[in-house]
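The structure appears below as structure tokens.
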Amino acid sequence: MTTAALSIQNVSKTYPVPLAGFRRFFRLKTRAPVVALTSVSFDVREGEIFGLIGRNGAGKTTLAKIIATLVQPTEGSVVVRGSDSVRDEGRVREQVGLSTAEERSFYWRLTVEQNLVFFARLYGLGAAARSRITELLELLELEELRRRRFGELSTGNKQRMAVARALLNSPPVLLLDEPTRSLDPLAAASMRELIGTLARGTRPVTVLLTSHNLAEVEELCDRVAVISRGRIRAIDTPGHLRAAHRQHERIRLALGGLSVERTNALLSKVVEGLETSEHAGMTQACFTRELGDDALDLAMRALVEAGARIVSCETERGTLFDVLETFERETFEAAEARSGV
Amino acid sequence: MKSVVLLIGRVRAFVVRDFQLAVSYRLEFFMRMLSILFVTTTLFFISQIFAGTFSTPYEQWRDPFLAWITALPFLNYFMVGFSSLANAIRSEQAQGTLEGVLMTPIGIPTLIISSSAWDFVQASFHSFLYLFFGWAFFGVEYRGSFLLAVLFLLLTTLVLASIGILSASFAMVFKRGDPLGMLVGTGSALFSGVFFPTQLTSQYAGGAFRIVSNLIPTTYGIDGIRRVLIQGQTFAEARRPFITLLIYLAVLLPFSLWVFARSVRRAKREGSLIQY
């Protein structure tokens with residue numbers, strides 16, 4: 001049985017209105033409290049890369065900050081490797097590294113090294129601090145920028161610094177809030193590789209990753225939670241989520257030796273949603289089929305029997321984007337129904 | 001033992017960080033030294049207006065320059081004790097660095113001590129400069145035990161720091177300068193006898209002013225330091241302000257730590273810990 005590195009049970013968070021009692025007493029205008037999370041529950045297993053996807057304002061960052069003890073939940077509990085985030089926050093902070101895309105959390109007039117030495121000392125690294133920093137600077141390709149002031153770094157390098165700081169005390173749990181947001185494609189790829197290596201190393205690190213890059217989440221994460229308006233809508237592997245929310249796939253064929261008209265005549269009897277065209281001297285045929293049905297087999301047979309040469313066959317399956325879009329649409333429709341629009 | 005080493009390491013980290021930030025503004029460092037020399041020189045020349053003609057019933061004020069030079073640097077020191085934590089919290093919130101600091105396993109008391117540590121190092125140096133310039137350039141001679149004066153200094157600073165923790169709690173929740181800061185800052189200069197004897201205010205403006213003077217901890221701190229450095233009093237002779245300061249500390253320190261911990265919890269509930 002695999003143990004939970006991170007256990008989130010019925011976590012709700014409502015940001016109260018400051019001085020609400022005072023405002024009510026004097027009958028001053030007051031806005032409604034902001035509900036950021038509602039009854040969020042899930043476990044993340046040791047060594048698992050767990051993705052959290054959702055739109056801006058869905059509650060991803062609030063949840064990451066609750067786990068990191070920077071924000072207290074209104075209800076529910078977060079337990080990190082046996083320690084409660086409210087009652088034993090010191091122990092939780094020893095075990096959790098948080099990397100956010102917030103550039104301001106560093107000292108801009110200090111160098112890369114000075115910043116990391118400062119935080120390493122707060123983690124109590126002592127004499128080991130320098131060697132750990134050298135190791136991390138090499139790992140994150142920041143070695144050459146060691147003596148450069150933080151304020152002079154590019155946005156991408158500042159982001160790498162945030163990851164380096166999160167890794168300083170080698171925490172067993174890593175919270176990565178959009179770790180590749182400002183990185184160029186090559187740097188983003190090497191960051192993804194690093195995250196994968198950390199989770200699959202000899203001392204596996206548990207990673208909770210939030211990202212708007214859904215391809216990245218699909219590539220990296222063992223499981224994904226879809227969060228919308230503060231509620232968890234689904235938790236599963238990326239593959240299962242895709243399959244559960246997109247039962248169809250689009251087939252695109254490039255054919256030689258068969259006219260557009262003849263292709264149309266042959267395929268319109270066996271497939272649905274057929275579109276045909278001519279491109280670069282070849283006939284293009286696109287149609288939709290349900291996953292696992294016979295439409296592709298029937299279409300191929302009909303085409304081959306009619307003497308067509310099949311040059312290429314591409315499939316276009318659902319992505320996490322479709323999954324997210326579906327949940328967002330459902331949430332929106334439910335909210336509209338509730339408000340009677 | 002391990003926790004003490006850890007605490008020292010963390011305080012050191014803050015001091016080194018603040019030193020590195022300070023030397024990144026080199027000119028300011030030298031300008032500050034020069035300004036202390038200017039203030040000392042100005043006070044000396046003001047005192048010369050009364051030279052040879054001045055007679056006063058207040059023993060600590062027979063040489064006004066000596067009275068000022070023994071109070072001004074310490075008032076500066078006390079004010080650092082009072083304001084440094086609130087300033088540090090405000091500045092970390094404004095810069096957005098508090099999040100990074102609070103992500104490390106640093107406890108609230110350690111954060112309090114560490115954030116203000118550099119300010120104390122700096123204030124100690126500045127206070128020393130006032131006394132040094134007075135001695136080196138204007139022939140001031142100090143009497144009594146410096147050790148006892150330092151004891152008064154530390155005790156008053158701790159009392160002021162306790163009020164400073166209350167002030168920081170206010171900053172933590174309301175993100176603004178607080179009323180305590182204004183009151184203690186201006187009140188100390190007026191009522192605690194930095195520039196003139198405290199007896200004068202009650203003599204001219206009535207007994208209520210005397211009560212205010214008696215309520216401000218800096219009054220006892222400055223009185224104690226002057227008793228030692230100007231009048232050359234021993235610990236037994238200067239015990240009254242000392243005991244008063246101890247009572248202040250015993251009440252204010254636990255209360256302010258309790259309020260601060262509650263403020264942090266409240267800021268975490270509101271999600272405003274790292275906002276300014």
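By convention in this document, the chains of the structure tokens carry letters A, B, ... by their order, each chain's residues are numbered from 1, and ligands are numbered from 1 in the order they are shown.
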For this session: Find the residues near Glu94 of chain A: any atom within 12 Å, counting only C-alpha atoms, skip ones fewer than 4 places away on the same chain, and give them as number ranges by chain.
Result: A: 68-69, 80-81, 83, 85, 88-90, 98, 120, 122-125, 166-174; B: 102-107
How about saving the chosen residues, C-alpha atoms kept, as a compact mmCIF listing (two decimals), in the first residue's frame?
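What follows is the written file result-v7.txt:
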```txt
# COMPACT_ATOMS: atom_id res chain seq x y z
CA ALA A 68 2.73 25.74 2.49
CA THR A 69 1.21 27.16 5.75
CA VAL A 80 1.97 16.67 5.14
CA ARG A 81 3.71 13.38 5.91
CA SER A 83 2.13 16.77 10.28
CA SER A 85 -0.37 22.36 8.54
CA ASP A 88 2.56 21.70 13.42
CA GLU A 89 3.39 24.30 10.81
CA GLY A 90 7.13 24.39 11.57
CA LEU A 98 7.25 26.13 -2.51
CA ALA A 120 19.79 28.36 3.20
CA LEU A 122 17.07 30.15 7.51
CA TYR A 123 16.64 26.49 6.65
CA GLY A 124 19.52 25.80 9.04
CA LEU A 125 21.84 24.38 6.38
CA ALA A 166 12.38 25.54 -3.03
CA LEU A 167 14.96 22.75 -3.37
CA LEU A 168 17.49 24.20 -0.89
CA ASN A 169 16.73 21.87 2.02
CA SER A 170 15.91 18.91 -0.25
CA PRO A 171 12.25 18.79 0.84
CA PRO A 172 10.34 15.55 0.34
CA VAL A 173 7.32 17.52 -0.91
CA LEU A 174 7.58 20.14 -3.62
CA LEU B 102 7.86 32.53 6.15
CA MET B 103 8.21 29.50 3.90
CA THR B 104 11.31 28.52 5.86
CA PRO B 105 10.89 26.80 9.23
CA ILE B 106 11.52 30.05 11.12
CA GLY B 107 9.44 30.65 14.25
```
Counting only C-alpha atoms, which residues of chain A sit at most 10 Å from some atom of chain B, and what is each one's closest atom pair with its distance in Å to one decimal, listed by chain and rising residue number, as JSON lines?
```
{"residue": "A:Lys13", "atom": "CA", "partner": "B:Arg269", "partner_atom": "CA", "distance": 8.6}
{"residue": "A:Thr14", "atom": "CA", "partner": "B:Glu270", "partner_atom": "CA", "distance": 8.2}
{"residue": "A:Tyr15", "atom": "CA", "partner": "B:Glu270", "partner_atom": "CA", "distance": 5.3}
{"residue": "A:Pro16", "atom": "CA", "partner": "B:Glu270", "partner_atom": "CA", "distance": 5.8}
{"residue": "A:Val17", "atom": "CA", "partner": "B:Glu270", "partner_atom": "CA", "distance": 7.8}
{"residue": "A:Pro18", "atom": "CA", "partner": "B:Glu270", "partner_atom": "CA", "distance": 7.5}
{"residue": "A:Leu19", "atom": "CA", "partner": "B:Phe174", "partner_atom": "CA", "distance": 9.6}
{"residue": "A:Thr62", "atom": "CA", "partner": "B:Gly271", "partner_atom": "CA", "distance": 8.6}
{"residue": "A:Lys65", "atom": "CA", "partner": "B:Gly271", "partner_atom": "CA", "distance": 9.1}
{"residue": "A:Ile66", "atom": "CA", "partner": "B:Lys268", "partner_atom": "CA", "distance": 9.1}
{"residue": "A:Ala68", "atom": "CA", "partner": "B:Met103", "partner_atom": "CA", "distance": 6.8}
{"residue": "A:Thr69", "atom": "CA", "partner": "B:Met103", "partner_atom": "CA", "distance": 7.6}
{"residue": "A:Leu70", "atom": "CA", "partner": "B:Lys268", "partner_atom": "CA", "distance": 6.3}
{"residue": "A:Val71", "atom": "CA", "partner": "B:Lys268", "partner_atom": "CA", "distance": 4.6}
{"residue": "A:Gln72", "atom": "CA", "partner": "B:Arg269", "partner_atom": "CA", "distance": 5.0}
{"residue": "A:Pro73", "atom": "CA", "partner": "B:Arg269", "partner_atom": "CA", "distance": 7.0}
{"residue": "A:Thr74", "atom": "CA", "partner": "B:Arg269", "partner_atom": "CA", "distance": 7.1}
{"residue": "A:Val86", "atom": "CA", "partner": "B:Arg265", "partner_atom": "CA", "distance": 9.6}
{"residue": "A:Glu89", "atom": "CA", "partner": "B:Pro105", "partner_atom": "CA", "distance": 8.1}
{"residue": "A:Gly90", "atom": "CA", "partner": "B:Pro105", "partner_atom": "CA", "distance": 5.0}
{"residue": "A:Arg91", "atom": "CA", "partner": "B:Pro105", "partner_atom": "CA", "distance": 7.2}
{"residue": "A:Val92", "atom": "CA", "partner": "B:Pro105", "partner_atom": "CA", "distance": 8.1}
{"residue": "A:Arg93", "atom": "CA", "partner": "B:Pro105", "partner_atom": "CA", "distance": 5.2}
{"residue": "A:Glu94", "atom": "CA", "partner": "B:Pro105", "partner_atom": "CA", "distance": 5.5}
{"residue": "A:Gln95", "atom": "CA", "partner": "B:Pro105", "partner_atom": "CA", "distance": 9.1}
{"residue": "A:Val96", "atom": "CA", "partner": "B:Met103", "partner_atom": "CA", "distance": 8.3}
{"residue": "A:Gly97", "atom": "CA", "partner": "B:Met103", "partner_atom": "CA", "distance": 7.6}
{"residue": "A:Leu98", "atom": "CA", "partner": "B:Met103", "partner_atom": "CA", "distance": 7.3}
{"residue": "A:Ser99", "atom": "CA", "partner": "B:Gly100", "partner_atom": "CA", "distance": 9.2}
{"residue": "A:Thr100", "atom": "CA", "partner": "B:Gly100", "partner_atom": "CA", "distance": 9.6}
{"residue": "A:Glu102", "atom": "CA", "partner": "B:Gly96", "partner_atom": "CA", "distance": 8.4}
{"residue": "A:Glu103", "atom": "CA", "partner": "B:Gly96", "partner_atom": "CA", "distance": 8.5}
{"residue": "A:Arg104", "atom": "CA", "partner": "B:Gly96", "partner_atom": "CA", "distance": 5.1}
{"residue": "A:Ser105", "atom": "CA", "partner": "B:Thr97", "partner_atom": "CA", "distance": 3.9}
{"residue": "A:Phe106", "atom": "CA", "partner": "B:Thr97", "partner_atom": "CA", "distance": 5.7}
{"residue": "A:Tyr107", "atom": "CA", "partner": "B:Thr97", "partner_atom": "CA", "distance": 7.1}
{"residue": "A:Trp108", "atom": "CA", "partner": "B:Gln95", "partner_atom": "CA", "distance": 9.3}
{"residue": "A:Arg109", "atom": "CA", "partner": "B:Leu21", "partner_atom": "CA", "distance": 6.6}
{"residue": "A:Leu110", "atom": "CA", "partner": "B:Leu21", "partner_atom": "CA", "distance": 6.7}
{"residue": "A:Thr111", "atom": "CA", "partner": "B:Gln20", "partner_atom": "CA", "distance": 9.5}
{"residue": "A:Gln114", "atom": "CA", "partner": "B:Arg17", "partner_atom": "CA", "distance": 7.6}
{"residue": "A:Asn115", "atom": "CA", "partner": "B:Arg17", "partner_atom": "CA", "distance": 8.1}
{"residue": "A:Val117", "atom": "CA", "partner": "B:Ala13", "partner_atom": "CA", "distance": 8.0}
{"residue": "A:Phe118", "atom": "CA", "partner": "B:Ala13", "partner_atom": "CA", "distance": 5.4}
{"residue": "A:Phe119", "atom": "CA", "partner": "B:Val101", "partner_atom": "CA", "distance": 7.3}
{"residue": "A:Ala120", "atom": "CA", "partner": "B:Ala13", "partner_atom": "CA", "distance": 8.8}
{"residue": "A:Arg121", "atom": "CA", "partner": "B:Arg10", "partner_atom": "CA", "distance": 5.9}
{"residue": "A:Leu122", "atom": "CA", "partner": "B:Arg10", "partner_atom": "CA", "distance": 5.2}
{"residue": "A:Tyr123", "atom": "CA", "partner": "B:Thr104", "partner_atom": "CA", "distance": 5.8}
{"residue": "A:Gly124", "atom": "CA", "partner": "B:Leu6", "partner_atom": "CA", "distance": 6.0}
{"residue": "A:Leu125", "atom": "CA", "partner": "B:Gly9", "partner_atom": "CA", "distance": 9.1}
{"residue": "A:Gly126", "atom": "CA", "partner": "B:Gly9", "partner_atom": "CA", "distance": 7.3}
{"residue": "A:Ala162", "atom": "CA", "partner": "B:Gly100", "partner_atom": "CA", "distance": 9.2}
{"residue": "A:Arg165", "atom": "CA", "partner": "B:Gly100", "partner_atom": "CA", "distance": 8.8}
{"residue": "A:Ala166", "atom": "CA", "partner": "B:Met103", "partner_atom": "CA", "distance": 9.0}
{"residue": "A:Asn169", "atom": "CA", "partner": "B:Thr104", "partner_atom": "CA", "distance": 9.4}
```
Problem set entry | Residue list (strand (DSSP E or B), DSSP) for segment 23-168 of chain A, as a PyMOL selection string | chain A and resi 34-45+49-53+75-80+83-84+96-99+111+149
Writer output for current selection, C-alpha atoms, as a compact mmCIF listing (two decimals), in the first residue's frame:
```
# COMPACT_ATOMS: atom_id res chain seq x y z
CA VAL A 34 -14.52 35.59 -1.24
CA VAL A 35 -15.00 31.82 -1.34
CA ALA A 36 -11.76 30.45 -2.75
CA LEU A 37 -12.09 26.74 -1.96
CA THR A 38 -15.02 24.49 -1.06
CA SER A 39 -14.60 21.01 0.48
CA VAL A 40 -11.43 20.11 -1.38
CA SER A 41 -10.24 16.59 -0.63
CA PHE A 42 -7.54 14.44 -2.19
CA ASP A 43 -4.39 12.54 -1.32
CA VAL A 44 -1.06 12.70 -3.08
CA ARG A 45 1.04 9.57 -2.82
CA ILE A 49 3.61 14.01 -9.56
CA PHE A 50 0.16 15.39 -9.05
CA GLY A 51 -1.20 18.10 -11.33
CA LEU A 52 -3.74 20.74 -10.44
CA ILE A 53 -5.36 22.41 -13.40
CA GLU A 75 -12.29 24.44 7.48
CA GLY A 76 -10.67 21.07 6.95
CA SER A 77 -7.12 19.90 7.34
CA VAL A 78 -3.92 19.49 5.39
CA VAL A 79 -1.52 16.81 6.60
CA VAL A 80 1.97 16.67 5.14
CA SER A 83 2.13 16.77 10.28
CA ASP A 84 -0.88 19.07 10.38
CA VAL A 96 7.65 21.46 1.88
CA GLY A 97 9.40 23.55 -0.74
CA LEU A 98 7.25 26.13 -2.51
CA SER A 99 8.16 27.71 -5.80
CA THR A 111 23.20 38.58 -5.82
CA ARG A 149 22.14 40.80 -8.74
```
For this session: Pick out the closest residue to Phe327 of chain A from this set: A:Leu208, A:Ala225, A:Ile67, A:Leu296. Count only C-alpha atoms.
Result: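 The answer is A:Ala225, which sits nearest to Phe327 of chain A.
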Exercise. Nearest to Asp223 of chain B: which of B:Leu37, B:Val80, B:Val23, B:Leu153 is it, counting only C-alpha atoms?
Worked result: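 Closest to Asp223 of chain B, using only C-alpha atoms: B:Leu153.
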Seminar exercise, completed: For Ser91 of chain B, the closest of B:Thr244, B:Ser127, B:Thr156, B:Ser116 counting only C-alpha atoms is B:Ser116
Exercise. Separation of atom CA of Phe260 of chain B and atom CA of Ala168 of chain B, in Å?
Worked result: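 Separation of atom CA of Phe260 of chain B and atom CA of Ala168 of chain B: 7.4 Å.
Within 8 Å of segment 63-71 of chain B, once only C-alpha atoms are used and residues closer than 4 positions along the same chain are dropped, the contacting residues are B:Thr40, B:Leu43, B:Phe44, B:Ser47, B:Leu75, B:Tyr130, B:Leu131, B:Gly134, B:Val140, B:Val194, B:Phe195, B:Ile222, B:Ile225, B:Arg226, B:Leu229, B:Ile230.
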For this session: Select from segment 36-149 of chain B everything DSSP, run on the backbone, classes as helix (DSSP H, G or I), then give the selection as a ChimeraX atom specification.
Result: /B:36-49,59-61,64-95,98-102,108-138,146-149
Would you export the selected residues with C-alpha atoms as a compact mmCIF listing (two decimals), in the first residue's frame, please?
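File produced: again_28.txt:
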```
# COMPACT_ATOMS: atom_id res chain seq x y z
CA ILE B 36 25.89 62.48 13.51
CA LEU B 37 29.01 64.65 13.64
CA PHE B 38 26.95 67.65 12.51
CA VAL B 39 24.28 67.06 15.17
CA THR B 40 26.91 66.66 17.90
CA THR B 41 28.67 69.85 16.80
CA THR B 42 25.37 71.76 16.66
CA LEU B 43 24.43 70.65 20.18
CA PHE B 44 27.87 71.67 21.42
CA PHE B 45 27.52 75.19 20.03
CA ILE B 46 23.98 75.59 21.39
CA SER B 47 25.32 74.62 24.82
CA GLN B 48 28.03 77.28 24.48
CA ILE B 49 25.31 79.98 24.50
CA GLU B 59 21.74 68.10 38.77
CA GLN B 60 21.79 66.20 35.49
CA TRP B 61 21.52 69.46 33.51
CA PRO B 64 23.41 70.72 28.86
CA PHE B 65 25.74 69.33 26.18
CA LEU B 66 26.52 66.33 28.39
CA ALA B 67 22.80 65.86 29.14
CA TRP B 68 21.94 65.91 25.44
CA ILE B 69 24.81 63.73 24.32
CA THR B 70 23.90 61.05 26.88
CA ALA B 71 20.20 61.07 25.95
CA LEU B 72 20.01 61.61 22.21
CA PRO B 73 21.91 58.49 21.07
CA PHE B 74 20.00 56.34 23.53
CA LEU B 75 16.68 57.78 22.46
CA ASN B 76 17.71 56.82 18.92
CA TYR B 77 18.53 53.34 20.18
CA PHE B 78 15.23 53.02 22.04
CA MET B 79 13.34 54.13 18.95
CA VAL B 80 15.06 51.43 16.94
CA GLY B 81 13.91 48.92 19.53
CA PHE B 82 10.43 50.30 19.18
CA SER B 83 10.14 50.70 15.42
CA SER B 84 12.54 48.26 13.78
CA LEU B 85 10.29 45.22 13.89
CA ALA B 86 7.22 47.03 12.54
CA ASN B 87 9.42 48.59 9.85
CA ALA B 88 10.98 45.23 9.01
CA ILE B 89 7.57 43.56 8.70
CA ARG B 90 6.19 46.46 6.66
CA SER B 91 9.22 46.51 4.42
CA GLU B 92 9.17 42.71 3.87
CA GLN B 93 5.44 42.88 3.13
CA ALA B 94 5.89 45.83 0.76
CA GLN B 95 8.80 44.14 -1.05
CA LEU B 98 7.89 37.96 3.67
CA GLU B 99 6.44 34.99 1.81
CA GLY B 100 9.91 33.62 1.09
CA VAL B 101 11.00 34.08 4.70
CA LEU B 102 7.86 32.53 6.15
CA ILE B 108 7.75 33.94 15.01
CA PRO B 109 10.03 34.83 17.98
CA THR B 110 13.08 34.14 15.81
CA LEU B 111 11.64 36.30 13.06
CA ILE B 112 11.11 39.10 15.58
CA ILE B 113 14.66 38.94 16.92
CA SER B 114 16.29 38.43 13.55
CA SER B 115 14.43 41.11 11.60
CA SER B 116 15.54 43.82 14.00
CA ALA B 117 19.06 42.52 14.65
CA TRP B 118 20.79 44.63 11.99
CA ASP B 119 18.98 47.78 13.09
CA PHE B 120 20.38 47.24 16.58
CA VAL B 121 23.87 46.69 15.26
CA GLN B 122 23.56 49.91 13.30
CA ALA B 123 21.98 51.84 16.19
CA SER B 124 24.72 50.64 18.57
CA PHE B 125 27.33 51.95 16.16
CA HIS B 126 25.53 55.29 15.79
CA SER B 127 25.04 55.66 19.54
CA PHE B 128 28.72 54.93 20.04
CA LEU B 129 29.55 57.61 17.45
CA TYR B 130 27.61 60.28 19.38
CA LEU B 131 29.46 59.43 22.58
CA PHE B 132 32.77 59.10 20.77
CA PHE B 133 32.48 62.45 18.94
CA GLY B 134 31.52 64.13 22.24
CA TRP B 135 34.60 62.67 23.93
CA ALA B 136 37.05 63.05 21.03
CA PHE B 137 36.14 66.52 19.73
CA PHE B 138 34.37 68.33 22.58
CA PHE B 146 29.60 51.90 31.37
CA LEU B 147 28.43 48.37 32.08
CA LEU B 148 25.57 49.66 34.21
CA ALA B 149 24.67 52.19 31.50
```
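Excluding segment 251-260 of chain A and any residue on its chain fewer than 5 positions from it, the residues at most 9 Å away by only C-alpha atoms are Ala265, Thr276, Ser277, Glu278, His279, Gly281, Met282, Thr283, Gln284, Ala285, Cys286, Phe287, Thr288, Arg289, Leu296, Leu303, Ala306, Gly307, Ala308, Arg309, Ile310, Val311, Ser312, Cys313, Glu314, Thr315, Glu316 and Arg317 of chain A.
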For this session: Using only C-alpha atoms, determine which residues lie at most 9 Å from Ile133 of chain A, disregarding the query and same-chain residues fewer than 2 positions distant; provide the list as a PyMOL selection string.
Result: chain A and resi 113+116-117+120+128-131+135-138+164-165+168
Same residues, N, CA and C atoms, output as a PDB file, in the first residue's frame:
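Once written, part30.pdb looks like this:
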```pdb
ATOM      1  N   GLU A 113      23.709  34.338  -5.395  1.00  0.00           N
ATOM      2  CA  GLU A 113      24.309  33.539  -4.336  1.00  0.00           C
ATOM      3  C   GLU A 113      23.916  34.076  -2.953  1.00  0.00           C
ATOM      4  N   LEU A 116      20.438  33.036  -2.044  1.00  0.00           N
ATOM      5  CA  LEU A 116      20.301  31.621  -1.690  1.00  0.00           C
ATOM      6  C   LEU A 116      20.985  31.300  -0.359  1.00  0.00           C
ATOM      7  N   VAL A 117      22.128  31.972  -0.087  1.00  0.00           N
ATOM      8  CA  VAL A 117      22.810  31.739   1.197  1.00  0.00           C
ATOM      9  C   VAL A 117      21.897  32.171   2.339  1.00  0.00           C
ATOM     10  N   ALA A 120      19.200  29.630   2.719  1.00  0.00           N
ATOM     11  CA  ALA A 120      19.786  28.362   3.198  1.00  0.00           C
ATOM     12  C   ALA A 120      20.031  28.427   4.704  1.00  0.00           C
ATOM     13  N   ALA A 128      26.867  23.230   5.153  1.00  0.00           N
ATOM     14  CA  ALA A 128      26.526  22.534   3.900  1.00  0.00           C
ATOM     15  C   ALA A 128      25.899  23.475   2.867  1.00  0.00           C
ATOM     16  N   ALA A 129      25.599  24.701   3.301  1.00  0.00           N
ATOM     17  CA  ALA A 129      24.853  25.622   2.435  1.00  0.00           C
ATOM     18  C   ALA A 129      25.566  25.872   1.103  1.00  0.00           C
ATOM     19  N   ARG A 130      26.865  26.197   1.182  1.00  0.00           N
ATOM     20  CA  ARG A 130      27.600  26.578  -0.051  1.00  0.00           C
ATOM     21  C   ARG A 130      27.597  25.449  -1.082  1.00  0.00           C
ATOM     22  N   SER A 131      27.883  24.236  -0.605  1.00  0.00           N
ATOM     23  CA  SER A 131      27.962  23.133  -1.574  1.00  0.00           C
ATOM     24  C   SER A 131      26.581  22.828  -2.162  1.00  0.00           C
ATOM     25  N   GLU A 135      25.553  23.077  -6.110  1.00  0.00           N
ATOM     26  CA  GLU A 135      24.877  21.939  -6.752  1.00  0.00           C
ATOM     27  C   GLU A 135      23.597  22.400  -7.460  1.00  0.00           C
ATOM     28  N   LEU A 136      22.813  23.230  -6.764  1.00  0.00           N
ATOM     29  CA  LEU A 136      21.542  23.690  -7.345  1.00  0.00           C
ATOM     30  C   LEU A 136      21.760  24.662  -8.505  1.00  0.00           C
ATOM     31  N   LEU A 137      22.778  25.514  -8.369  1.00  0.00           N
ATOM     32  CA  LEU A 137      23.042  26.464  -9.456  1.00  0.00           C
ATOM     33  C   LEU A 137      23.441  25.712 -10.725  1.00  0.00           C
ATOM     34  N   GLU A 138      24.195  24.639 -10.535  1.00  0.00           N
ATOM     35  CA  GLU A 138      24.567  23.820 -11.701  1.00  0.00           C
ATOM     36  C   GLU A 138      23.337  23.118 -12.278  1.00  0.00           C
ATOM     37  N   ALA A 164      15.156  26.847  -7.355  1.00  0.00           N
ATOM     38  CA  ALA A 164      16.388  26.542  -6.599  1.00  0.00           C
ATOM     39  C   ALA A 164      16.144  26.741  -5.105  1.00  0.00           C
ATOM     40  N   ARG A 165      15.467  27.824  -4.750  1.00  0.00           N
ATOM     41  CA  ARG A 165      15.197  28.081  -3.328  1.00  0.00           C
ATOM     42  C   ARG A 165      14.293  26.989  -2.739  1.00  0.00           C
ATOM     43  N   LEU A 168      16.319  24.007  -1.759  1.00  0.00           N
ATOM     44  CA  LEU A 168      17.491  24.195  -0.894  1.00  0.00           C
ATOM     45  C   LEU A 168      17.656  23.117   0.178  1.00  0.00           C
TER      46      LEU A 168
END
```
Problem set entry | Selected residue of minimal separation from Glu193 of chain A among A:Ala101, A:Phe321, A:Leu6, A:Glu219, counting only C-alpha atoms | A:Glu219
For this session: Show which residues sit within 6 Å of Gly221 of chain B, as a VMD selection string. Count only C-alpha atoms, and ignore same-chain residues fewer than 3 positions away.
Result: chain B and resid 152 156 218 224
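Note that atom CA of Gly57 of chain A and atom CA of Thr30 of chain A are 21.2 Å apart.
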